[in-house]
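Containing compact mmCIF, C-alpha atoms: data-v8.txt.
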# COMPACT_ATOMS: atom_id res chain seq x y z
CA MET I 1244 71.28 74.10 108.70
CA ASN I 1245 73.00 76.74 110.72
CA PRO I 1246 72.25 80.03 108.93
CA LYS I 1247 75.81 81.10 109.52
CA GLN I 1248 76.98 78.38 107.15
CA THR I 1249 75.38 80.12 104.19
CA ARG I 1250 77.77 83.02 104.40
CA SER I 1251 80.73 82.97 102.07
CA ASN I 1252 84.23 84.09 102.78
CA PRO I 1253 84.45 87.42 100.95
CA VAL I 1254 88.14 88.00 100.47
CA VAL I 1255 88.98 84.39 99.68
CA SER I 1256 86.27 84.14 97.07
CA GLU I 1257 87.48 87.33 95.44
CA ARG I 1258 90.92 85.79 95.21
CA GLN I 1259 89.57 82.64 93.63
CA ASN I 1260 87.89 84.70 90.93
CA ARG I 1261 91.17 86.20 89.83
CA THR I 1262 92.79 84.76 86.78
CA ARG I 1263 96.12 86.53 86.98
CA THR I 1264 99.04 85.78 89.22
CA ILE I 1265 99.84 89.02 91.00
CA TRP I 1266 102.69 89.41 93.42
CA ALA I 1267 103.05 92.60 95.44
CA VAL I 1268 106.39 93.49 96.98
CA GLY I 1269 106.29 95.69 100.07
CA GLY I 1270 107.52 95.80 103.61
CA GLY I 1271 107.11 99.10 105.35
CA LYS I 1272 110.54 100.63 105.53
CA GLY I 1273 112.34 102.38 102.68
CA GLY I 1274 115.72 101.18 101.49
CA THR I 1275 115.26 97.50 102.29
CA GLY I 1276 115.70 96.58 98.63
CA LYS I 1277 112.11 96.12 97.48
CA SER I 1278 112.66 97.58 94.02
CA PHE I 1279 115.95 95.73 93.65
CA VAL I 1280 114.25 92.42 94.53
CA THR I 1281 111.23 93.21 92.32
CA ALA I 1282 113.34 94.02 89.25
CA ASN I 1283 115.56 90.99 89.65
CA LEU I 1284 112.74 88.54 90.38
CA ALA I 1285 111.02 89.79 87.23
CA LEU I 1286 114.15 89.39 85.13
CA CYS I 1287 114.71 85.94 86.60
CA LEU I 1288 111.21 84.84 85.54
CA SER I 1289 111.47 86.37 82.08
CA LYS I 1290 114.69 84.45 81.58
CA LYS I 1291 112.67 81.35 82.35
CA ASN I 1292 110.47 82.26 79.39
CA LYS I 1293 107.62 83.74 81.46
CA GLU I 1294 105.78 86.82 80.29
CA VAL I 1295 106.19 89.36 83.08
CA THR I 1296 104.70 92.80 83.66
CA LEU I 1297 106.20 95.01 86.32
CA ILE I 1298 104.14 97.80 87.82
CA ASP I 1299 105.85 100.51 89.79
CA ALA I 1300 103.24 101.58 92.32
CA ASP I 1301 105.82 102.98 94.70
CA LEU I 1302 103.84 106.16 94.74
CA GLY I 1303 106.10 109.06 95.40
CA GLY I 1304 109.35 107.10 95.33
CA ALA I 1305 109.31 105.38 91.97
CA ASN I 1306 112.60 104.13 90.55
CA LEU I 1307 112.02 100.61 89.31
CA HIS I 1308 112.94 101.80 85.82
CA THR I 1309 116.43 102.71 87.04
CA PHE I 1310 117.02 99.18 88.29
CA LEU I 1311 116.29 98.02 84.74
CA GLY I 1312 118.61 100.57 83.17
CA MET I 1313 115.86 102.82 81.84
CA ARG I 1314 115.43 106.57 81.96
CA LYS I 1315 112.30 108.30 83.05
CA SER I 1316 111.15 109.68 79.75
CA ASP I 1317 108.12 107.72 78.62
CA LEU I 1318 104.57 107.73 79.84
CA ASP I 1319 103.98 106.50 83.37
CA ILE I 1320 101.21 105.28 85.65
CA GLY I 1321 100.28 108.88 86.44
CA ASP I 1322 99.31 109.45 82.81
CA PHE I 1323 96.83 106.63 83.11
CA LEU I 1324 95.46 107.84 86.43
CA THR I 1325 94.98 111.37 85.04
CA LYS I 1326 93.28 109.97 81.94
CA LYS I 1327 95.89 111.17 79.49
CA VAL I 1328 95.72 107.65 78.10
CA PRO I 1329 92.68 105.36 78.28
CA THR I 1330 94.26 102.12 79.45
CA LEU I 1331 97.11 101.00 81.69
CA LYS I 1332 98.47 98.98 78.78
CA ASP I 1333 99.10 102.28 76.99
CA VAL I 1334 101.76 103.16 79.54
CA ALA I 1335 103.39 99.71 79.66
CA VAL I 1336 106.72 99.94 77.85
CA PRO I 1337 109.01 97.16 76.68
CA THR I 1338 112.35 96.82 78.44
CA GLN I 1339 115.64 95.73 76.93
CA TYR I 1340 114.78 92.25 78.23
CA ASN I 1341 112.70 89.77 76.33
CA LYS I 1342 109.20 89.11 77.76
CA LEU I 1343 109.56 91.82 80.37
CA ARG I 1344 107.62 95.07 80.26
CA LEU I 1345 107.23 97.87 82.73
CA VAL I 1346 104.65 100.36 83.87
CA LYS I 1347 106.80 103.15 85.20
CA GLY I 1348 105.98 104.89 88.46
CA SER I 1349 104.91 108.48 88.73
CA ASP I 1350 106.32 111.56 90.37
CA HIS I 1351 102.89 113.08 90.67
CA LEU I 1352 102.75 112.56 94.40
CA LEU I 1353 99.67 114.62 95.04
CA PHE I 1354 97.27 112.44 93.16
CA THR I 1355 98.95 109.06 93.39
CA ALA I 1356 99.87 108.75 97.06
CA ASN I 1357 96.22 108.84 98.03
CA LEU I 1358 94.26 107.03 95.37
CA ASN I 1359 90.55 107.31 95.89
CA TYR I 1360 88.13 104.39 95.81
CA PHE I 1361 87.37 104.60 92.10
CA LYS I 1362 90.94 105.12 90.94
CA LYS I 1363 92.09 102.17 93.02
CA LEU I 1364 89.38 99.92 91.57
CA LYS I 1365 90.14 101.16 88.08
CA LEU I 1366 93.85 100.52 88.53
CA LEU I 1367 93.21 97.02 89.84
CA ARG I 1368 90.83 96.26 86.98
CA HIS I 1369 93.40 97.39 84.44
CA ILE I 1370 96.22 95.48 86.14
CA LYS I 1371 94.18 92.33 85.68
CA THR I 1372 93.91 92.93 81.92
CA PHE I 1373 97.59 92.19 81.32
CA ASP I 1374 97.92 88.80 79.71
CA SER I 1375 101.22 88.09 81.48
CA ASP I 1376 102.13 84.93 83.34
CA VAL I 1377 103.09 87.00 86.34
CA ILE I 1378 102.38 90.62 87.27
CA ILE I 1379 104.63 92.04 89.97
CA ILE I 1380 103.67 95.26 91.74
CA ASP I 1381 106.24 97.25 93.65
CA ILE I 1382 104.03 98.85 96.29
CA GLY I 1383 106.77 100.83 97.92
CA THR I 1384 107.13 101.99 101.49
CA GLY I 1385 104.71 102.81 104.26
CA SER I 1386 101.46 101.37 105.53
CA THR I 1387 98.91 103.36 103.56
CA TYR I 1388 95.60 101.80 102.58
CA ASN I 1389 96.89 101.74 99.00
CA SER I 1390 99.80 99.48 99.79
CA ILE I 1391 97.84 97.37 102.28
CA ASP I 1392 95.00 96.70 99.84
CA PHE I 1393 97.32 95.73 97.00
CA PHE I 1394 99.26 93.54 99.41
CA LEU I 1395 96.11 91.79 100.67
CA LEU I 1396 94.75 91.15 97.19
CA SER I 1397 97.97 89.77 95.76
CA ASN I 1398 98.98 86.16 95.91
CA PRO I 1399 101.30 86.36 97.60
CA GLY I 1400 102.33 89.68 99.07
CA ILE I 1401 106.08 89.60 99.59
CA LEU I 1402 107.81 91.36 102.46
CA VAL I 1403 111.42 92.42 101.92
CA VAL I 1404 113.09 92.89 105.27
CA ASN I 1405 116.64 93.69 106.36
CA PRO I 1406 118.06 91.97 109.44
CA GLU I 1407 117.90 95.21 111.41
CA PRO I 1408 115.58 96.34 114.23
CA THR I 1409 114.21 99.31 112.27
CA SER I 1410 113.30 97.23 109.27
CA ILE I 1411 111.71 94.50 111.39
CA GLU I 1412 109.77 97.03 113.42
CA ASN I 1413 108.31 98.57 110.26
CA ALA I 1414 107.57 95.16 108.75
CA TYR I 1415 105.62 94.14 111.86
CA TYR I 1416 103.77 97.43 111.79
CA PHE I 1417 102.87 96.79 108.16
CA LEU I 1418 101.77 93.19 108.86
CA LYS I 1419 99.66 94.28 111.81
CA SER I 1420 98.09 96.99 109.67
CA CYS I 1421 97.22 94.33 107.08
CA ILE I 1422 95.77 92.07 109.78
CA ILE I 1423 93.70 94.85 111.32
CA ARG I 1424 92.45 95.83 107.86
CA LEU I 1425 91.49 92.22 107.14
CA LEU I 1426 89.81 91.68 110.52
CA LYS I 1427 87.91 94.95 110.17
CA LEU I 1428 86.67 93.93 106.73
CA TYR I 1429 85.21 90.75 108.14
CA ILE I 1430 83.95 92.35 111.33
CA ASP I 1431 82.32 95.16 109.35
CA HIS I 1432 80.83 92.73 106.90
CA TYR I 1433 79.38 90.52 109.61
CA GLN I 1434 78.50 93.57 111.69
CA ILE I 1435 80.21 92.30 114.83
CA GLN I 1436 80.33 95.83 116.15
CA ASP I 1437 81.49 94.81 119.60
CA LEU I 1438 84.79 93.70 118.17
CA ILE I 1439 85.71 96.71 116.06
CA LYS I 1440 86.79 98.83 118.99
CA LYS I 1441 88.74 95.97 120.49
CA VAL I 1442 90.62 95.29 117.26
CA THR I 1443 91.59 98.91 116.91
CA GLU I 1444 92.45 99.57 120.52
CA GLN I 1445 94.09 96.35 121.56
CA ILE I 1446 95.95 95.06 118.52
CA ASN I 1447 96.89 98.42 117.11
CA ASP I 1448 98.37 99.72 120.35
CA ASN I 1449 100.22 96.46 120.98
CA SER I 1450 98.49 95.83 124.31
CA ARG I 1451 97.34 92.45 123.06
CA SER I 1452 98.51 90.06 120.41
CA VAL I 1453 96.22 88.84 117.64
CA TYR I 1454 96.50 85.45 119.31
CA SER I 1455 95.12 86.62 122.65
CA PHE I 1456 92.47 88.70 120.89
CA LEU I 1457 91.22 85.59 119.08
CA SER I 1458 91.39 83.57 122.28
CA GLU I 1459 88.93 86.00 123.83
CA VAL I 1460 86.62 85.77 120.82
CA ILE I 1461 86.67 81.98 121.18
CA SER I 1462 85.35 82.25 124.71
CA GLN I 1463 82.50 84.46 123.45
CA ASP I 1464 81.50 82.98 120.12
CA LYS I 1465 83.34 80.11 118.49
CA TYR I 1466 81.73 80.64 115.12
CA TYR I 1467 83.20 84.10 114.73
CA ALA I 1468 86.51 82.98 116.17
CA ASP I 1469 86.59 80.25 113.54
CA LEU I 1470 85.66 82.71 110.80
CA LEU I 1471 88.32 85.27 111.75
CA PHE I 1472 90.90 82.55 112.29
CA ARG I 1473 90.28 81.14 108.81
CA ALA I 1474 90.41 84.63 107.28
CA LEU I 1475 93.84 85.16 108.84
CA LYS I 1476 95.08 81.77 107.71
CA LYS I 1477 94.14 82.57 104.11
CA PHE I 1478 96.34 85.65 104.25
CA ARG I 1479 99.69 84.03 103.58
CA PRO I 1480 102.45 86.48 102.68
CA GLY I 1481 106.03 85.57 101.88
CA LEU I 1482 109.20 86.86 103.52
CA ILE I 1483 112.58 87.66 102.01
CA ILE I 1484 115.53 88.67 104.17
CA ASN I 1485 117.72 91.01 102.14
CA LYS I 1486 121.32 92.01 102.92
CA ALA I 1487 122.06 89.01 105.16
CA ARG I 1488 125.63 89.21 106.44
CA ASP I 1489 126.17 86.50 109.02
CA GLU I 1490 124.82 83.15 110.12
CA LYS I 1491 122.27 84.75 112.46
CA ASP I 1492 120.85 86.80 109.59
CA PHE I 1493 120.37 83.67 107.51
CA VAL I 1494 118.34 81.91 110.21
CA LEU I 1495 116.39 85.05 111.15
CA GLY I 1496 113.77 84.49 108.45
CA GLU I 1497 112.76 81.17 109.91
CA SER I 1498 112.58 82.69 113.39
CA ILE I 1499 110.43 85.59 112.17
CA SER I 1500 108.12 83.15 110.43
CA ASN I 1501 107.91 81.11 113.65
CA VAL I 1502 107.13 84.09 115.86
CA VAL I 1503 104.61 85.58 113.41
CA GLN I 1504 102.73 82.29 113.16
CA LYS I 1505 102.36 82.22 116.92
CA ILE I 1506 101.83 85.86 117.83
CA LEU I 1507 100.07 87.24 114.74
CA VAL I 1508 98.31 83.96 113.85
CA ILE I 1509 99.18 84.18 110.16
CA ASN I 1510 101.46 81.96 108.12
CA LEU I 1511 104.41 83.91 106.85
CA ASP I 1512 106.27 81.77 104.33
CA TYR I 1513 109.98 82.27 104.53
CA LEU I 1514 111.21 82.38 100.92
CA GLY I 1515 114.93 82.81 101.53
CA ALA I 1516 117.76 85.21 102.30
CA ILE I 1517 119.74 87.32 99.85
CA PRO I 1518 123.33 87.85 101.02
CA PHE I 1519 124.88 91.28 101.30
CA ASN I 1520 127.28 91.61 98.39
CA GLU I 1521 129.03 94.48 96.63
CA VAL I 1522 127.77 93.19 93.27
CA VAL I 1523 124.41 94.73 94.16
CA HIS I 1524 125.98 98.15 94.57
CA LYS I 1525 127.94 97.70 91.35
CA SER I 1526 124.90 96.61 89.38
CA VAL I 1527 122.80 99.55 90.61
CA LYS I 1528 125.57 101.97 89.73
CA ASN I 1529 125.88 100.44 86.27
CA LEU I 1530 122.09 100.48 85.78
CA THR I 1531 122.17 96.75 85.13
CA PRO I 1532 120.27 94.16 87.19
CA VAL I 1533 122.27 91.53 89.06
CA MET I 1534 120.37 88.80 87.22
CA ASP I 1535 121.72 90.22 83.96
CA LYS I 1536 125.37 90.85 84.84
CA TYR I 1537 126.02 88.60 87.83
CA PRO I 1538 123.54 85.71 87.72
CA GLU I 1539 126.19 83.32 89.03
CA SER I 1540 126.91 85.44 92.12
CA ASP I 1541 125.56 84.30 95.51
CA VAL I 1542 122.98 87.09 95.19
CA GLY I 1543 121.89 85.85 91.76
CA LYS I 1544 121.60 82.28 93.02
CA ALA I 1545 119.57 83.37 96.04
CA ILE I 1546 117.13 85.30 93.81
CA LEU I 1547 116.81 82.31 91.49
CA SER I 1548 116.02 80.08 94.46
CA ILE I 1549 113.41 82.55 95.75
CA ALA I 1550 111.81 82.81 92.29
CA SER I 1551 111.58 79.02 92.16
CA ARG I 1552 109.94 78.87 95.57
CA LEU I 1553 107.44 81.53 94.55
CA THR I 1554 106.48 79.78 91.34
CA GLU I 1555 106.15 76.50 93.25
CA LYS I 1556 103.99 78.27 95.81
CA LYS I 1557 101.80 79.56 92.99
CA SER I 1558 101.26 76.07 91.56
CA MET J 507 92.93 73.23 118.20
CA ILE J 508 91.95 76.86 118.16
CA LEU J 509 88.91 76.18 115.97
CA ARG J 510 87.49 73.91 118.64
CA GLY J 511 88.03 76.40 121.35
CA GLU J 512 91.34 75.32 122.76
CA ILE J 513 94.99 75.69 121.94
CA THR J 514 96.81 72.39 121.68
CA LEU J 515 100.42 71.77 122.62
CA TYR J 516 101.06 71.20 118.92
CA GLU J 517 99.98 74.74 118.18
CA VAL J 518 102.06 76.03 121.04
CA MET J 519 105.06 74.47 119.29
CA ASN J 520 103.99 75.36 115.73
CA VAL J 521 104.01 71.72 114.59
CA SER J 522 101.34 69.51 113.08
CA ARG J 523 99.64 66.66 114.92
CA SER J 524 101.56 64.21 112.76
CA ALA J 525 104.96 65.77 113.52
CA SER J 526 107.81 63.31 113.96
CA GLN J 527 110.12 63.43 116.98
CA GLN J 528 112.67 65.02 114.66
CA ASP J 529 110.16 67.74 113.69
CA ILE J 530 109.46 68.42 117.36
CA GLU J 531 113.16 68.66 118.20
CA ARG J 532 113.67 71.03 115.28
CA ALA J 533 110.67 73.18 116.22
CA TYR J 534 111.95 73.39 119.78
CA ARG J 535 115.39 74.54 118.65
CA THR J 536 113.84 77.10 116.29
CA ALA J 537 111.61 78.40 119.08
CA GLN J 538 114.52 78.69 121.50
CA ILE J 539 116.46 80.76 118.95
CA SER J 540 113.40 82.81 118.00
CA TYR J 541 112.55 83.78 121.57
CA GLU J 542 116.09 84.40 122.82
CA LYS J 543 116.25 87.70 124.64
CA ASP J 544 118.35 89.40 121.95
CA SER J 545 116.61 87.79 118.97
CA LEU J 546 115.36 90.32 116.42
CA ALA J 547 112.50 87.99 115.51
CA HIS J 548 110.26 89.21 118.32
CA TYR J 549 111.45 92.82 118.28
CA THR J 550 108.53 95.16 119.17
CA LEU J 551 106.05 92.32 118.73
CA ILE J 552 105.96 91.13 122.34
CA ASN J 553 107.22 92.52 125.63
CA GLU J 554 109.68 90.83 127.98
CA GLU J 555 106.96 89.29 130.11
CA GLN J 556 105.20 87.84 127.05
CA ARG J 557 108.51 86.54 125.73
CA LYS J 558 109.25 84.67 128.95
CA LYS J 559 105.71 83.33 129.16
CA THR J 560 105.80 82.11 125.55
CA LEU J 561 109.14 80.41 126.05
CA LEU J 562 107.84 78.72 129.18
CA GLU J 563 104.73 77.47 127.36
CA ILE J 564 106.90 76.07 124.60
CA LYS J 565 109.16 74.31 127.13
CA GLU J 566 106.15 72.76 128.85
CA ALA J 567 104.72 71.63 125.51
CA TYR J 568 108.07 70.19 124.53
CA LYS J 569 108.28 68.18 127.76
CA VAL J 570 105.07 66.38 126.82
CA LEU J 571 105.49 66.04 123.07
CA SER J 572 109.11 64.91 123.20
CA ASP J 573 108.20 62.00 125.49
CA PRO J 574 106.43 59.31 123.40
CA GLU J 575 104.46 57.95 126.37
CA LYS J 576 103.31 61.38 127.57
CA ARG J 577 102.51 62.36 123.99
CA ARG J 578 100.34 59.27 123.51
CA GLU J 579 98.40 60.07 126.65
CA TYR J 580 98.02 63.69 125.61
CA ASP J 581 96.83 62.72 122.12
CA LEU J 582 94.15 60.52 123.67
CA SER J 583 93.04 63.35 125.92
CA ILE J 584 92.54 65.80 123.05
CA SER J 585 90.96 63.36 120.61
CA LYS J 586 87.74 63.24 122.62
CA PRO J 587 84.93 64.91 120.64
CA LYS J 588 83.99 68.38 121.69
CA SER J 589 80.34 69.18 122.11
CA GLU J 590 78.46 72.41 121.77
CA ILE J 591 80.85 74.12 119.44
CA TYR J 592 78.36 76.87 118.84
CA HIS J 593 76.90 76.96 122.32
CA ASN J 594 77.53 80.64 122.97
CA SER J 595 75.35 83.28 121.40
CA TYR J 596 77.30 86.34 122.39
CA PHE J 597 76.94 88.03 119.00
CA ARG J 598 74.00 86.07 117.72
CA ASN J 599 71.27 88.67 118.23
CA SER J 600 73.01 91.48 116.41
CA THR J 601 73.78 89.39 113.36
CA GLU J 602 70.83 87.03 113.04
CA LYS J 603 69.16 89.13 110.35
CA LEU J 604 72.26 89.05 108.23
CA TYR J 605 72.09 85.31 107.68
CA ILE J 606 68.68 85.70 106.21
CA GLU J 607 69.72 88.60 104.03
CA ALA J 608 72.82 86.88 102.77
CA GLY J 609 71.19 83.74 101.42
CA ASP J 610 72.83 82.62 98.20
CA LYS J 611 73.04 86.00 96.56
CA GLY J 612 76.55 85.37 95.41
CA ILE J 613 79.89 86.58 96.44
CA THR J 614 79.86 89.70 94.29
CA LYS J 615 77.05 91.23 96.25
CA ILE J 616 78.61 90.25 99.57
CA PHE J 617 81.97 91.60 98.56
CA LYS J 618 80.42 94.88 97.48
CA SER J 619 78.91 95.22 100.92
CA ILE J 620 82.29 95.25 102.57
CA LYS J 621 82.91 98.73 103.79
CA GLY J 622 86.20 100.30 103.08
CA MET J 623 88.00 97.61 101.11
CA PHE J 624 88.92 100.24 98.64
CA SER J 625 88.09 103.30 100.62
CA SER J 626 90.12 106.45 100.47
CA GLY J 627 93.84 106.05 100.74
CA ARG J 628 94.50 107.89 103.98
CA SER J 629 97.49 106.71 105.91
CA LYS J 630 97.07 103.99 108.53
CA LYS J 631 99.57 105.87 110.58
CA SER J 632 97.01 108.55 111.16
CA ASP J 633 94.72 106.03 112.81
CA PRO J 634 94.68 105.74 116.58
Show me this structure written as structure tokens.
Amino acid sequence: MNPKQTRSNPVVSERQNRTRTIWAVGGGKGGTGKSFVTANLALCLSKKNKEVTLIDADLGGANLHTFLGMRKSDLDIGDFLTKKVPTLKDVAVPTQYNKLRLVKGSDHLLFTANLNYFKKLKLLRHIKTFDSDVIIIDIGTGSTYNSIDFFLLSNPGILVVNPEPTSIENAYYFLKSCIIRLLKLYIDHYQIQDLIKKVTEQINDNSRSVYSFLSEVISQDKYYADLLFRALKKFRPGLIINKARDEKDFVLGESISNVVQKILVINLDYLGAIPFNEVVHKSVKNLTPVMDKYPESDVGKAILSIASRLTEKKS
Amino acid sequence: MILRGEITLYEVMNVSRSASQQDIERAYRTAQISYEKDSLAHYTLINEEQRKKTLLEIKEAYKVLSDPEKRREYDLSISKPKSEIYHNSYFRNSTEKLYIEAGDKGITKIFKSIKGMFSSGRSKKSDP
């Protein structure tokens, strides 16, 4: 038997060991509507009789509580991370909605924006202790290792993107950061040192696509090309286009998915588009989620459809 | 197929080997929209030269796959078994010992050996 065949796929096996369904909502740029989508997806599921826990890990920009009409007065995730309370469950508070609870985000930027190894592991371990049907983590903006790692270990990670160049640019930066992180994990693990520099230099600086990088690996060693290819194919995030205004915006998601599959070699599942609508602004101002006040609006229907696709994807 | 060391026309078009003519037409239309010059879908991901090249590859693939006769011939040409999948040992020497070490020690141990999965949370943006 080829000795290479005895090696397991590390990240995939870790995923299979998980018992909880964890979604992580991210996407690079601020203001795309990640927290809005997170809060409303959660409410949508709880209305379908699912137990849902929301975790606001938007470190430094936490406001998920506001989308659910709550004030920032209780304990938050920072109290857990600074050991004021022993478990993450201690800072999970009920919301006004049945079957929906929330771990509020923290303002303590200094210690939360850069979680160290042990705190990150501890947080992940505690997240998995929630006996909810679905746990949704709002990972906030940026491409820090924190957000990338939570995104990679969730199933799926969900990108919320606006049909604007800036948002798309940041989303691609985030996806490439995830891909580089994933490739480096495998390359480090298998000690394919020759490739580490290439991954960093060529993919990161945009001089080569992931596709052409893998093509070169194929010509050198098909086993490793196969391994890296499979690793990328197991990373299967979802995509939501938020604030779609015209016909082009509504077909953009499918185009992005198409381009990403070819250029970045990963499958990006297009989950749907949420139309731009003033009801969103109204609901935020009134501290009431759209799925509570305007479930019959086109926005509400779009979120319902996305929630259904996500739960189908899970099963 | 990429796993066998080559990219098929099906992969060029993002369709499966069993795609119907309708699927191929649809994929072609989607690709044309996706790689239009002013499409946001490829914004910052590829440069103009890569965009043109990709579009050309897709057009060439479409010419073959949209013609049932040409597609049949192409399918026959790629269904021949490939030999020597693992013929190249480019990285073999540096990693040979790892196969022995790995054995069946279980995924936990292997996963623990991954460097940096949960390393410090410095920003990716600071990386080169």
Closest pair table for range 1437-1541 of chain I residues within 9 Å of range 516-526 of chain J, only C-alpha atoms, as CSV:
residue,atom,partner,partner_atom,distance
I:Asn1501,CA,J:Asn520,CA,7.3
I:Gln1504,CA,J:Asn520,CA,7.5
I:Lys1505,CA,J:Asn520,CA,7.2
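Note that CA of Val1403 in chain I and CA of Gly1273 in chain I are 10.0 Å apart.
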Nearest residue to Val1503 in chain I from the set I:Tyr1537, I:Tyr1454, I:Trp1266, I:Phe1519 (distances using all atoms listed in the file): I:Tyr1454
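Taking CA of Thr1531 in chain I and CA of Leu1286 in chain I as the two end points, the separation is 10.9 Å.
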Who sits within 10 Å of range 1543-1549 of chain I, only C-alpha atoms, same chain under 3 positions skipped, as number ranges by chain: I: 1280-1281, 1283-1284, 1286-1288, 1482-1483, 1485, 1513-1518, 1522-1523, 1532-1540, 1552-1555
Which of J:Ala567, J:Thr536, J:Glu542, J:Ile513 sits closest to Ser1500 in chain I [using all atoms listed in the file]: J:Thr536
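Nearest residue to chain J among I:Asp1374, I:Asp1317, I:Glu1412, I:Glu1490 is I:Glu1412, counting only C-alpha atoms.
Nearest to chain I of all the residues J:Ile584, J:Ile564, J:Leu515, J:Leu551 is J:Leu551, counting only C-alpha atoms.
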Residue neighbourhood Tyr580 in chain J, 9 Å, all atoms listed in the file, exclusion window fewer than 5 positions, as a ChimeraX atom specification: /J:515,570-571,575,585
Distance of CA of Lys1441 in chain I from CA of Lys1427 in chain I, expressed in Å to one decimal place: 10.4 Å
Nearest candidate to Leu1438 in chain I (options I:Ile1411, I:Leu1395, I:Val1542, I:Leu1471; using all atoms listed in the file): I:Leu1471
Sel. within 10 Å of pt (105.1, 91.7, 122.7), counting all atoms listed in the file, output as a list of chain:residue names: I:Asn1449, I:Ser1450, I:Arg1451, I:Ser1452, I:Ile1506, J:His548, J:Tyr549, J:Thr550, J:Leu551, J:Ile552, J:Asn553, J:Glu554, J:Glu555, J:Gln556, J:Arg557
Missing atoms of range 511-523 of chain J rebuilt to N, CA, C and O atoms, written as a short mmCIF file (atom, residue, chain, number, x, y, z; two decimals), keeping the file's coordinate frame:
data_model
loop_
_atom_site.label_atom_id
_atom_site.label_comp_id
_atom_site.auth_asym_id
_atom_site.auth_seq_id
_atom_site.Cartn_x
_atom_site.Cartn_y
_atom_site.Cartn_z
N GLY J 511 88.10 75.68 120.10
CA GLY J 511 88.03 76.40 121.35
C GLY J 511 89.16 76.14 122.31
O GLY J 511 89.07 76.48 123.48
N GLU J 512 90.19 75.51 121.87
CA GLU J 512 91.34 75.32 122.76
C GLU J 512 92.63 75.33 121.94
O GLU J 512 92.62 75.05 120.75
N ILE J 513 93.69 75.67 122.60
CA ILE J 513 94.99 75.69 121.94
C ILE J 513 95.72 74.40 122.33
O ILE J 513 95.88 74.12 123.51
N THR J 514 96.12 73.65 121.35
CA THR J 514 96.81 72.39 121.68
C THR J 514 98.30 72.65 121.86
O THR J 514 98.83 73.68 121.44
N LEU J 515 98.97 71.66 122.45
CA LEU J 515 100.42 71.77 122.62
C LEU J 515 101.12 71.80 121.26
O LEU J 515 102.20 72.35 121.12
N TYR J 516 100.49 71.18 120.27
CA TYR J 516 101.06 71.20 118.92
C TYR J 516 101.10 72.62 118.37
O TYR J 516 102.05 73.03 117.72
N GLU J 517 100.01 73.35 118.64
CA GLU J 517 99.98 74.74 118.18
C GLU J 517 100.95 75.61 118.96
O GLU J 517 101.55 76.53 118.42
N VAL J 518 101.09 75.29 120.23
CA VAL J 518 102.06 76.03 121.04
C VAL J 518 103.45 75.90 120.42
O VAL J 518 104.24 76.84 120.37
N MET J 519 103.74 74.71 119.88
CA MET J 519 105.06 74.47 119.29
C MET J 519 105.14 74.72 117.79
O MET J 519 106.19 74.50 117.18
N ASN J 520 104.02 75.14 117.18
CA ASN J 520 103.99 75.36 115.73
C ASN J 520 104.34 74.10 114.93
O ASN J 520 105.11 74.14 113.98
N VAL J 521 103.80 72.97 115.36
CA VAL J 521 104.01 71.72 114.59
C VAL J 521 102.65 71.08 114.34
O VAL J 521 101.67 71.40 115.02
N SER J 522 102.60 70.17 113.37
CA SER J 522 101.34 69.51 113.08
C SER J 522 101.15 68.31 114.02
O SER J 522 102.11 67.86 114.65
N ARG J 523 99.93 67.82 114.06
CA ARG J 523 99.64 66.66 114.92
C ARG J 523 100.47 65.45 114.51
O ARG J 523 100.76 64.56 115.33
#
